[in-house]
Amino acid sequence: MAEFLTIVGLSLKVALFALIWALPLGFVLGYVLATKRFFGRRLLSVVVMMPLVMPPVVTGLVLLYLFGPKGAVGQLLAPLGISFAFNVAGAALAAGLVALPLIVRPIRLSFEHVSKDLDEALAVAGLTPWQRFITLYAPSALPGVVAGGVLGFAKALGEFGATITFVANIPGETQTLSLAIHSALQAFDQGQLVLWLCLVSIGISGLAIWGSEFLLSWLERRLTGRRAVRHV
Amino acid sequence: MFKIDVQFSRGMRQFDMRLNAGAGVTALVGPSGAGKTSLLRALVGLEPSHGTIELAGRALSGGNKAVPPHRRHLGMVFQEPRLLDHLTVEENIRLKRQGDLVALAARLGINDLLARQPHDLSGGEKQRVMLARALHQNPDALLLDEPLTALDPAKREAMIAFLRDVFAELDIPVLYVTHAMEEAARLADNIAVIETGKIVAHGPTQDILALRSDAHLLSRVTGHVAALDDDYGLAQINIGGQMLEVANRGLEIGRAVQLNIWARDVMLAKTRLEGISARNQLTGRIQQMEAIDPSTTDIFVKVGEANIRARVMAKTVADLGLAPGGDIFVIIKSASIE
């Protein structure tokens, strides 16, 4: 039971830490990619989306070469006491990176759908670009933030390939749900644990989706003043 | 004073607009595609333009410098309402500005709307809110881009009356874009006519109306000089075999001329008239009749190859029993040679 709780607690912690860095970054990237025109925009878009299509193992290897103990960035950070090697921080880094494309996508779409007409009207009415961001863009992007946050959380929670490659499968340190299920499946006598871990995975995922649906329909009412149309 | 001298292009089309507009309402009238909306967008800084824009002694655009839209202090009402659905009407009007809304809301008749959400409002109410937003900023000029487009005809009437009252209390330049001369005539002190990217006429409303609305009342008749009467300084013009006398201003025999005849200078008679001052009586056949209003009818009479428009009282049509196909005498009081 203690083992079970450790695994679930650790998984939630990793997914949460992953969101803490990936969601703000995804928000900024979504805004920049949707509204700014600059040299290298397409390249940035491709780089951000890469973890979605690359084999997660490769993503994990890239992280290892960059942030590992002997990685280019890892060596620079080591003297500062910052390490991603085989610990929770590393797991959160891997999970967040794999989740990032799923976070950026809906946020970017939200920003792209902000009405240009409204932006113009507010500009003529005297609102500075920053005031327009606060008044128009940020509220319009909230549904995207919710959708991206939930997708990213779910992805981070279930991440396997990049995590195991980058930070290995260390119980209590980096062994999250998927990794634990994988390990338990290898053993002969842990059918019970596998079952419970699967159930809790399904439960958390379902809860996240249900919560986001609830939040989205509430936002829809707040943003448009209308009731969300329910398609049955 | 709004001093406008701007050049810009949209796609393949070039625009070159010069206009000085003082306090009061100046309507910018022209067909769609003439560049009316583009001009407003250039004025508020939403589209780039060359040339200079100056408002109340302040340069909004000139040389390489252009003041960004949010610092131009202009109020604008767009064709369609542009309101934020997640804010109340009051928040939509205020945006970032504090200050008293009560007086303005009372003036625009939107007191009851302030606490509501934009999606609850009718089209006309939304445009009032847009107007309130524009005026709440105390703009240096107010710009309206066909604000009645989205309204049905009944609402449009009410809105025109409402706008007249609102405009009457403003002492800033108001530029009002419309494609309907009639709407401009009812709202504007001055009218600027825009055609294919240029302002082709600008002046007080009544002058522009006199100029414009008469154009179609002019019949153009071609003929050639058949004889000259030097004793009285007259020239006889042959129009499809009939003679018409006009004052001779250096014409020579045989020359082709074009005569301009105003509809109000044309009388109709069932029989040839004797003992009247008008010398020119031609015979023709009624082609077509067009009721202008309940008391006025325009009658088109075919004389030779020419089609002459006569403006008569509707009662005359009934009294004389005029009908298409009927023969008629056309009495022309005056005609000028172009």
# chains A, B, ... in the order shown; residues from 1 in each chain; ligands from 1
$ interface_residues --of "chain A" --to "chain B" --cutoff "12 Å" --atoms "only C-alpha atoms" --output "short mmCIF file (atom, residue, chain, number, x, y, z; two decimals) with N, CA, C and O atoms, in the first residue's frame"
data_model
loop_
_atom_site.label_atom_id
_atom_site.label_comp_id
_atom_site.auth_asym_id
_atom_site.auth_seq_id
_atom_site.Cartn_x
_atom_site.Cartn_y
_atom_site.Cartn_z
N VAL A 114 -8.47 34.92 -31.88
CA VAL A 114 -8.86 36.24 -31.33
C VAL A 114 -9.20 37.17 -32.50
O VAL A 114 -8.49 37.24 -33.49
N SER A 115 -10.34 37.84 -32.36
CA SER A 115 -10.84 38.66 -33.46
C SER A 115 -9.93 39.86 -33.73
O SER A 115 -9.68 40.68 -32.86
N LYS A 116 -9.45 39.93 -34.97
CA LYS A 116 -8.62 41.06 -35.39
C LYS A 116 -9.45 42.35 -35.34
O LYS A 116 -8.93 43.41 -35.01
N ASP A 117 -10.71 42.21 -35.67
CA ASP A 117 -11.61 43.37 -35.64
C ASP A 117 -11.69 43.97 -34.25
O ASP A 117 -11.64 45.19 -34.08
N LEU A 118 -11.81 43.09 -33.24
CA LEU A 118 -11.90 43.59 -31.86
C LEU A 118 -10.59 44.26 -31.46
O LEU A 118 -10.59 45.31 -30.81
N ASP A 119 -9.48 43.65 -31.86
CA ASP A 119 -8.18 44.22 -31.53
C ASP A 119 -8.07 45.63 -32.12
O ASP A 119 -7.63 46.56 -31.45
N GLU A 120 -8.48 45.77 -33.38
CA GLU A 120 -8.45 47.10 -34.02
C GLU A 120 -9.32 48.09 -33.28
O GLU A 120 -8.93 49.23 -33.03
N ALA A 121 -10.54 47.65 -32.94
CA ALA A 121 -11.47 48.56 -32.27
C ALA A 121 -10.89 49.03 -30.93
O ALA A 121 -11.02 50.21 -30.59
N LEU A 122 -10.25 48.12 -30.21
CA LEU A 122 -9.68 48.50 -28.91
C LEU A 122 -8.47 49.42 -29.09
O LEU A 122 -8.24 50.32 -28.29
N ALA A 123 -7.71 49.18 -30.16
CA ALA A 123 -6.56 50.06 -30.43
C ALA A 123 -7.05 51.48 -30.70
O ALA A 123 -6.54 52.44 -30.13
N VAL A 124 -8.06 51.60 -31.56
CA VAL A 124 -8.59 52.92 -31.88
C VAL A 124 -9.19 53.57 -30.62
O VAL A 124 -9.11 54.78 -30.43
N ALA A 125 -9.74 52.72 -29.74
CA ALA A 125 -10.33 53.25 -28.51
C ALA A 125 -9.27 53.67 -27.50
O ALA A 125 -9.60 54.11 -26.41
N GLY A 126 -8.00 53.51 -27.85
CA GLY A 126 -6.94 54.05 -27.00
C GLY A 126 -6.21 53.04 -26.14
O GLY A 126 -5.41 53.42 -25.29
N LEU A 127 -6.47 51.74 -26.33
CA LEU A 127 -5.78 50.75 -25.50
C LEU A 127 -4.42 50.41 -26.09
O LEU A 127 -4.30 50.11 -27.27
N THR A 128 -3.40 50.42 -25.22
CA THR A 128 -2.05 50.08 -25.65
C THR A 128 -1.98 48.59 -25.95
O THR A 128 -2.87 47.83 -25.54
N PRO A 129 -0.94 48.13 -26.65
CA PRO A 129 -0.82 46.70 -26.93
C PRO A 129 -0.91 45.85 -25.66
O PRO A 129 -1.58 44.81 -25.66
N TRP A 130 -0.29 46.28 -24.58
CA TRP A 130 -0.34 45.52 -23.33
C TRP A 130 -1.76 45.49 -22.77
O TRP A 130 -2.25 44.44 -22.32
N GLN A 131 -2.44 46.63 -22.82
CA GLN A 131 -3.82 46.68 -22.32
C GLN A 131 -4.74 45.80 -23.17
O GLN A 131 -5.68 45.19 -22.67
N ARG A 132 -4.46 45.76 -24.48
CA ARG A 132 -5.24 44.87 -25.35
C ARG A 132 -4.98 43.41 -25.02
O ARG A 132 -5.87 42.58 -25.07
N ILE A 134 -4.25 42.21 -22.06
CA ILE A 134 -4.97 41.90 -20.81
C ILE A 134 -6.48 41.84 -21.03
O ILE A 134 -7.17 40.99 -20.49
N THR A 135 -6.98 42.78 -21.83
CA THR A 135 -8.43 42.90 -22.00
C THR A 135 -9.00 41.88 -22.98
O THR A 135 -10.10 41.37 -22.78
N LEU A 136 -8.24 41.61 -24.03
CA LEU A 136 -8.79 40.79 -25.11
C LEU A 136 -8.09 39.43 -25.25
O LEU A 136 -8.74 38.38 -25.21
N TYR A 137 -6.76 39.46 -25.40
CA TYR A 137 -6.05 38.22 -25.75
C TYR A 137 -6.04 37.20 -24.62
O TYR A 137 -6.37 36.03 -24.82
N ALA A 138 -5.66 37.66 -23.42
CA ALA A 138 -5.54 36.71 -22.31
C ALA A 138 -6.88 36.01 -22.01
O ALA A 138 -6.92 34.78 -21.92
N PRO A 139 -7.99 36.77 -21.88
CA PRO A 139 -9.26 36.07 -21.62
C PRO A 139 -9.64 35.12 -22.75
O PRO A 139 -10.15 34.02 -22.50
N SER A 140 -9.36 35.53 -23.98
CA SER A 140 -9.72 34.68 -25.11
C SER A 140 -8.92 33.39 -25.12
O SER A 140 -9.36 32.37 -25.66
N LEU A 142 -7.96 31.71 -22.46
CA LEU A 142 -8.19 30.85 -21.29
C LEU A 142 -8.69 29.45 -21.64
O LEU A 142 -8.20 28.47 -21.08
N TRP A 218 -17.87 26.61 -18.10
CA TRP A 218 -17.98 27.79 -17.24
C TRP A 218 -17.31 29.00 -17.93
O TRP A 218 -17.86 30.11 -17.96
N LEU A 219 -16.14 28.74 -18.53
CA LEU A 219 -15.43 29.81 -19.22
C LEU A 219 -16.24 30.33 -20.40
O LEU A 219 -16.31 31.52 -20.67
N GLU A 220 -16.85 29.40 -21.12
CA GLU A 220 -17.66 29.76 -22.28
C GLU A 220 -18.74 30.76 -21.87
O GLU A 220 -18.99 31.75 -22.53
N ARG A 221 -19.39 30.44 -20.71
CA ARG A 221 -20.42 31.37 -20.23
C ARG A 221 -19.83 32.72 -19.86
O ARG A 221 -20.38 33.76 -20.17
N ARG A 222 -18.67 32.68 -19.20
CA ARG A 222 -18.03 33.92 -18.77
C ARG A 222 -17.58 34.75 -19.96
O ARG A 222 -17.69 35.97 -19.96
N LEU A 223 -17.06 34.12 -20.97
CA LEU A 223 -16.44 34.83 -22.09
C LEU A 223 -17.45 35.33 -23.11
O LEU A 223 -17.24 36.32 -23.77
N THR A 224 -18.56 34.61 -23.26
CA THR A 224 -19.51 35.01 -24.29
C THR A 224 -20.84 35.46 -23.70
O THR A 224 -21.67 36.01 -24.39
N GLY A 225 -21.02 35.19 -22.41
CA GLY A 225 -22.30 35.54 -21.79
C GLY A 225 -23.41 34.58 -22.19
O GLY A 225 -24.55 34.75 -21.84
N ARG A 226 -23.05 33.56 -22.95
CA ARG A 226 -24.06 32.59 -23.39
C ARG A 226 -23.83 31.25 -22.73
O ARG A 226 -22.74 30.95 -22.28
N ARG A 227 -24.86 30.43 -22.74
CA ARG A 227 -24.69 29.06 -22.28
C ARG A 227 -24.03 28.26 -23.39
O ARG A 227 -24.31 28.45 -24.56
#
$ residues_around --residues "A:Ile107" --least-positions-apart "5" --cutoff "8 Å" --atoms "only C-alpha atoms" --output "PyMOL selection string"
chain A and resi 26-27+30-31+141-145+147-148
$ residues_around --residues "A:Ser201" --least-positions-apart "3" --cutoff "12 Å" --atoms "only C-alpha atoms" --output "PyMOL selection string"
chain A and resi 4+7-9+11-12+154-159+176-178+180-181+194-198+204-208
$ write_last_selection --atoms "N, CA, C and O atoms" --output "compact mmCIF listing (two decimals), in the first residue's frame"
# COMPACT_ATOMS: atom_id res chain seq x y z
N PHE A 4 2.29 1.70 -3.29
CA PHE A 4 1.27 2.21 -4.21
C PHE A 4 1.12 3.73 -4.06
O PHE A 4 1.12 4.48 -5.04
N ILE A 7 4.05 5.68 -5.44
CA ILE A 7 4.03 5.78 -6.90
C ILE A 7 3.04 6.84 -7.37
O ILE A 7 3.37 7.70 -8.19
N VAL A 8 1.82 6.78 -6.83
CA VAL A 8 0.80 7.73 -7.24
C VAL A 8 1.19 9.16 -6.88
O VAL A 8 1.10 10.09 -7.68
N GLY A 9 1.69 9.32 -5.64
CA GLY A 9 2.10 10.66 -5.17
C GLY A 9 3.21 11.21 -6.04
O GLY A 9 3.17 12.37 -6.47
N SER A 11 3.95 10.39 -9.10
CA SER A 11 3.45 10.68 -10.45
C SER A 11 2.75 12.03 -10.50
O SER A 11 2.98 12.83 -11.42
N LEU A 12 1.90 12.26 -9.49
CA LEU A 12 1.18 13.55 -9.45
C LEU A 12 2.19 14.70 -9.31
O LEU A 12 2.04 15.75 -9.94
N ALA A 154 -2.20 15.15 -18.47
CA ALA A 154 -2.44 13.74 -18.75
C ALA A 154 -1.23 13.11 -19.43
O ALA A 154 -0.81 11.99 -19.09
N LYS A 155 -0.65 13.85 -20.36
CA LYS A 155 0.51 13.34 -21.07
C LYS A 155 1.69 13.16 -20.12
O LYS A 155 2.38 12.13 -20.13
N ALA A 156 1.90 14.17 -19.26
CA ALA A 156 3.01 14.13 -18.31
C ALA A 156 2.84 12.98 -17.32
O ALA A 156 3.80 12.30 -16.96
N LEU A 157 1.60 12.75 -16.93
CA LEU A 157 1.28 11.70 -15.97
C LEU A 157 1.64 10.32 -16.54
O LEU A 157 2.14 9.44 -15.84
N GLY A 158 1.39 10.14 -17.81
CA GLY A 158 1.58 8.82 -18.41
C GLY A 158 2.89 8.65 -19.16
O GLY A 158 3.13 7.62 -19.76
N GLU A 159 3.74 9.68 -19.14
CA GLU A 159 4.97 9.64 -19.93
C GLU A 159 5.81 8.42 -19.56
O GLU A 159 5.94 8.06 -18.39
N THR A 176 7.40 6.68 -12.02
CA THR A 176 6.02 7.16 -12.09
C THR A 176 5.09 6.03 -12.51
O THR A 176 5.54 4.91 -12.71
N LEU A 177 3.81 6.34 -12.65
CA LEU A 177 2.78 5.31 -12.89
C LEU A 177 3.14 4.33 -14.00
O LEU A 177 3.17 3.11 -13.78
N SER A 178 3.41 4.86 -15.19
CA SER A 178 3.68 3.97 -16.32
C SER A 178 4.88 3.09 -16.07
O SER A 178 4.88 1.90 -16.38
N ALA A 180 6.10 2.24 -13.18
CA ALA A 180 5.79 1.28 -12.11
C ALA A 180 4.98 0.12 -12.66
O ALA A 180 5.22 -1.04 -12.31
N ILE A 181 4.02 0.42 -13.53
CA ILE A 181 3.22 -0.65 -14.13
C ILE A 181 4.13 -1.57 -14.94
O ILE A 181 4.03 -2.80 -14.87
N VAL A 194 -0.53 -3.91 -10.30
CA VAL A 194 -0.78 -3.49 -11.68
C VAL A 194 -2.24 -3.05 -11.82
O VAL A 194 -2.53 -1.98 -12.38
N LEU A 195 -3.13 -3.87 -11.29
CA LEU A 195 -4.55 -3.57 -11.40
C LEU A 195 -4.88 -2.22 -10.77
O LEU A 195 -5.54 -1.37 -11.36
N TRP A 196 -4.37 -2.01 -9.56
CA TRP A 196 -4.67 -0.75 -8.85
C TRP A 196 -4.06 0.46 -9.56
O TRP A 196 -4.69 1.52 -9.65
N LEU A 197 -2.84 0.27 -10.04
CA LEU A 197 -2.19 1.38 -10.75
C LEU A 197 -2.96 1.74 -12.01
O LEU A 197 -3.13 2.92 -12.35
N CYS A 198 -3.46 0.70 -12.70
CA CYS A 198 -4.25 0.95 -13.91
C CYS A 198 -5.52 1.69 -13.54
O CYS A 198 -5.90 2.67 -14.21
N ILE A 204 -7.68 9.14 -12.52
CA ILE A 204 -7.09 10.49 -12.59
C ILE A 204 -7.35 11.11 -13.97
O ILE A 204 -7.73 12.27 -14.09
N SER A 205 -7.15 10.33 -15.03
CA SER A 205 -7.36 10.83 -16.38
C SER A 205 -8.80 11.28 -16.57
O SER A 205 -9.07 12.37 -17.09
N GLY A 206 -9.72 10.41 -16.15
CA GLY A 206 -11.15 10.73 -16.30
C GLY A 206 -11.51 11.98 -15.53
O GLY A 206 -12.21 12.86 -16.03
N LEU A 207 -10.96 12.09 -14.30
CA LEU A 207 -11.24 13.25 -13.46
C LEU A 207 -10.72 14.54 -14.13
O LEU A 207 -11.40 15.58 -14.12
N ALA A 208 -9.53 14.43 -14.70
CA ALA A 208 -8.94 15.60 -15.36
C ALA A 208 -9.81 16.07 -16.52
O ALA A 208 -10.10 17.26 -16.68
$ residues_around --residues "stretch 13-17 of chain B" --least-positions-apart "2" --cutoff "7 Å" --atoms "only C-alpha atoms" --output "PDB file with C-alpha atoms, in the first residue's frame"
ATOM      1  CA  ASP B   5      -3.932  64.775 -47.625  1.00  0.00           C
ATOM      2  CA  VAL B   6      -3.272  61.074 -47.939  1.00  0.00           C
ATOM      3  CA  GLN B   7      -2.255  58.629 -50.629  1.00  0.00           C
ATOM      4  CA  PHE B   8      -2.438  54.881 -50.309  1.00  0.00           C
ATOM      5  CA  SER B   9      -2.990  51.775 -52.381  1.00  0.00           C
ATOM      6  CA  ARG B  10      -5.062  48.664 -51.817  1.00  0.00           C
ATOM      7  CA  GLY B  11      -4.152  45.895 -54.165  1.00  0.00           C
ATOM      8  CA  LEU B  19     -10.040  67.058 -47.576  1.00  0.00           C
ATOM      9  CA  GLY B  35     -12.155  53.996 -50.877  1.00  0.00           C
ATOM     10  CA  GLY B 197     -10.158  56.784 -54.942  1.00  0.00           C
ATOM     11  CA  LYS B 198     -10.527  60.551 -55.232  1.00  0.00           C
ATOM     12  CA  ILE B 199     -12.673  63.223 -53.680  1.00  0.00           C
TER      13      ILE B 199
END
$ select_by_dssp --residues "stretch 58-204 of chain A" --states "alpha helix (DSSP H)" --output "PyMOL selection string"
chain A and resi 58-67+72-77+88-112+116-124+129-132+138-158+161-167+177-186+191-204
$ atom_distance --atom1 "atom CA of B:Thr222" --atom2 "atom CA of B:Arg285"
17.5 Å
$ residues_around --residues "B:Ala27" --least-positions-apart "2" --cutoff "12 Å" --atoms "only C-alpha atoms" --output "ChimeraX atom specification"
/B:19,21-22,24-25,29-30,36,40,142-146,173-194,199,201-205,208
$ closest_residue --among "A:Val146, A:Leu109, A:Leu193, A:Ala85" --to "A:Val73" --atoms "only C-alpha atoms"
A:Ala85
$ residues_around --residues "stretch 55-58 of chain B" --least-positions-apart "3" --cutoff "7 Å" --atoms "only C-alpha atoms" --output "list in words"
Met1, Phe2 and Lys3 of chain B
$ write_last_selection --atoms "N, CA and C atoms" --output "CSV table (one decimal), in the first residue's frame"
chain,number,residue,atom,x,y,z
B,1,MET,N,-10.0,71.4,-36.7
B,1,MET,CA,-9.9,71.2,-38.2
B,1,MET,C,-9.1,69.9,-38.5
B,2,PHE,N,-9.7,69.1,-39.3
B,2,PHE,CA,-9.1,67.8,-39.8
B,2,PHE,C,-8.5,68.1,-41.2
B,3,LYS,N,-7.2,68.1,-41.2
B,3,LYS,CA,-6.6,68.3,-42.5
B,3,LYS,C,-6.0,67.0,-43.1
$ atom_distance --atom1 "atom CA of B:Ile4" --atom2 "atom CA of B:Val166"
24.2 Å
$ atom_distance --atom1 "atom CA of B:Asp327" --atom2 "atom CA of B:Arg272"
11.4 Å
$ closest_residue --among "B:Val221, B:Ala34, B:Val67, B:Ala23" --to "B:Ala141" --atoms "only C-alpha atoms"
B:Ala23
$ select_by_dssp --residues "stretch 81-329 of chain B" --states "strand (DSSP E)" --output "PyMOL selection string"
chain B and resi 141-145+173-178+190-195+198-204+218-229+234-239+242-247+256-262+266-269+280-293+296-303+306-313+327-329
$ write_last_selection --atoms "C-alpha atoms" --output "short mmCIF file (atom, residue, chain, number, x, y, z; two decimals), in the first residue's frame"
data_model
loop_
_atom_site.label_atom_id
_atom_site.label_comp_id
_atom_site.auth_asym_id
_atom_site.auth_seq_id
_atom_site.Cartn_x
_atom_site.Cartn_y
_atom_site.Cartn_z
CA ALA B 141 -12.79 63.72 -34.07
CA LEU B 142 -15.52 61.13 -34.51
CA LEU B 143 -15.47 58.70 -37.43
CA LEU B 144 -18.42 56.53 -38.43
CA ASP B 145 -18.18 53.84 -41.11
CA PRO B 173 -15.20 67.14 -36.78
CA VAL B 174 -17.46 64.18 -37.55
CA LEU B 175 -16.69 62.11 -40.64
CA TYR B 176 -19.63 59.96 -41.66
CA VAL B 177 -19.09 57.35 -44.36
CA THR B 178 -22.10 56.15 -46.34
CA ASN B 190 -20.99 69.05 -45.69
CA ILE B 191 -20.66 66.32 -48.25
CA ALA B 192 -17.52 65.00 -49.90
CA VAL B 193 -18.15 62.80 -52.90
CA ILE B 194 -15.61 60.00 -53.40
CA GLU B 195 -15.24 58.24 -56.71
CA LYS B 198 -10.53 60.55 -55.23
CA ILE B 199 -12.67 63.22 -53.68
CA VAL B 200 -14.41 64.66 -56.72
CA ALA B 201 -16.66 67.20 -55.01
CA HIS B 202 -16.80 68.75 -51.56
CA GLY B 203 -19.03 71.46 -50.20
CA PRO B 204 -22.11 72.35 -48.18
CA LEU B 218 -30.74 66.81 -67.94
CA SER B 219 -31.68 65.55 -71.40
CA ARG B 220 -29.02 65.63 -74.06
CA VAL B 221 -30.23 66.08 -77.61
CA THR B 222 -28.03 66.00 -80.67
CA GLY B 223 -28.74 67.83 -83.95
CA HIS B 224 -27.03 70.04 -86.47
CA VAL B 225 -27.24 73.72 -87.36
CA ALA B 226 -29.70 74.12 -90.24
CA ALA B 227 -30.00 77.92 -90.51
CA LEU B 228 -28.90 81.15 -88.85
CA ASP B 229 -31.09 84.17 -88.15
CA LEU B 234 -30.73 82.81 -83.42
CA ALA B 235 -29.65 79.46 -84.77
CA GLN B 236 -32.06 76.82 -86.01
CA ILE B 237 -31.08 73.32 -84.97
CA ASN B 238 -32.42 70.38 -86.92
CA ILE B 239 -33.47 67.56 -84.61
CA GLN B 242 -37.89 69.32 -86.58
CA MET B 243 -36.45 72.76 -85.96
CA LEU B 244 -35.49 74.13 -82.60
CA GLU B 245 -34.26 77.71 -82.14
CA VAL B 246 -31.51 78.62 -79.75
CA ALA B 247 -29.39 81.69 -79.19
CA ALA B 256 -23.25 69.12 -85.14
CA VAL B 257 -24.27 70.35 -81.71
CA GLN B 258 -25.45 68.89 -78.44
CA LEU B 259 -28.24 70.60 -76.56
CA ASN B 260 -28.81 70.38 -72.84
CA ILE B 261 -32.45 70.57 -71.81
CA TRP B 262 -33.49 70.53 -68.17
CA VAL B 266 -39.99 71.25 -70.68
CA MET B 267 -43.79 71.64 -70.94
CA LEU B 268 -46.23 69.26 -72.54
CA ALA B 269 -49.43 70.07 -74.48
CA ASN B 280 -39.90 75.86 -79.57
CA GLN B 281 -42.66 73.34 -79.98
CA LEU B 282 -41.74 69.88 -81.17
CA THR B 283 -43.95 66.87 -81.72
CA GLY B 284 -43.09 63.62 -80.00
CA ARG B 285 -44.45 60.41 -78.60
CA ILE B 286 -44.60 59.46 -74.94
CA GLN B 287 -42.24 56.56 -74.28
CA GLN B 288 -42.43 56.05 -70.57
CA MET B 289 -43.69 57.66 -67.38
CA GLU B 290 -42.06 57.54 -63.95
CA ALA B 291 -43.73 58.66 -60.72
CA ILE B 292 -41.15 60.59 -58.66
CA ASP B 293 -43.40 61.26 -55.69
CA THR B 296 -44.58 64.72 -59.47
CA THR B 297 -44.19 62.58 -62.56
CA ASP B 298 -41.37 62.46 -65.08
CA ILE B 299 -42.38 61.80 -68.67
CA PHE B 300 -39.96 60.65 -71.33
CA VAL B 301 -40.86 61.81 -74.82
CA LYS B 302 -39.25 60.54 -77.98
CA VAL B 303 -38.53 63.40 -80.40
CA ALA B 306 -33.79 62.00 -78.89
CA ASN B 307 -35.38 61.17 -75.59
CA ILE B 308 -36.45 64.25 -73.65
CA ARG B 309 -37.42 64.18 -70.00
CA ALA B 310 -40.21 66.44 -68.81
CA ARG B 311 -41.08 66.95 -65.15
CA VAL B 312 -44.77 67.68 -64.66
CA MET B 313 -47.37 67.59 -61.91
CA ASP B 327 -48.59 61.87 -79.33
CA ILE B 328 -47.71 65.07 -77.54
CA PHE B 329 -46.33 68.56 -78.15
#
$ residues_around --residues "A:Leu23" --least-positions-apart "3" --cutoff "10 Å" --atoms "only C-alpha atoms" --output "VMD selection string"
chain A and resid 17 to 20 26 to 29 96 99 to 100 103 to 104 107 145 to 146 148 to 149 152 to 153
$ closest_residue --among "A:Phe84, A:Gly191, A:Gly203, A:Lys13" --to "A:Tyr65" --atoms "only C-alpha atoms"
A:Phe84
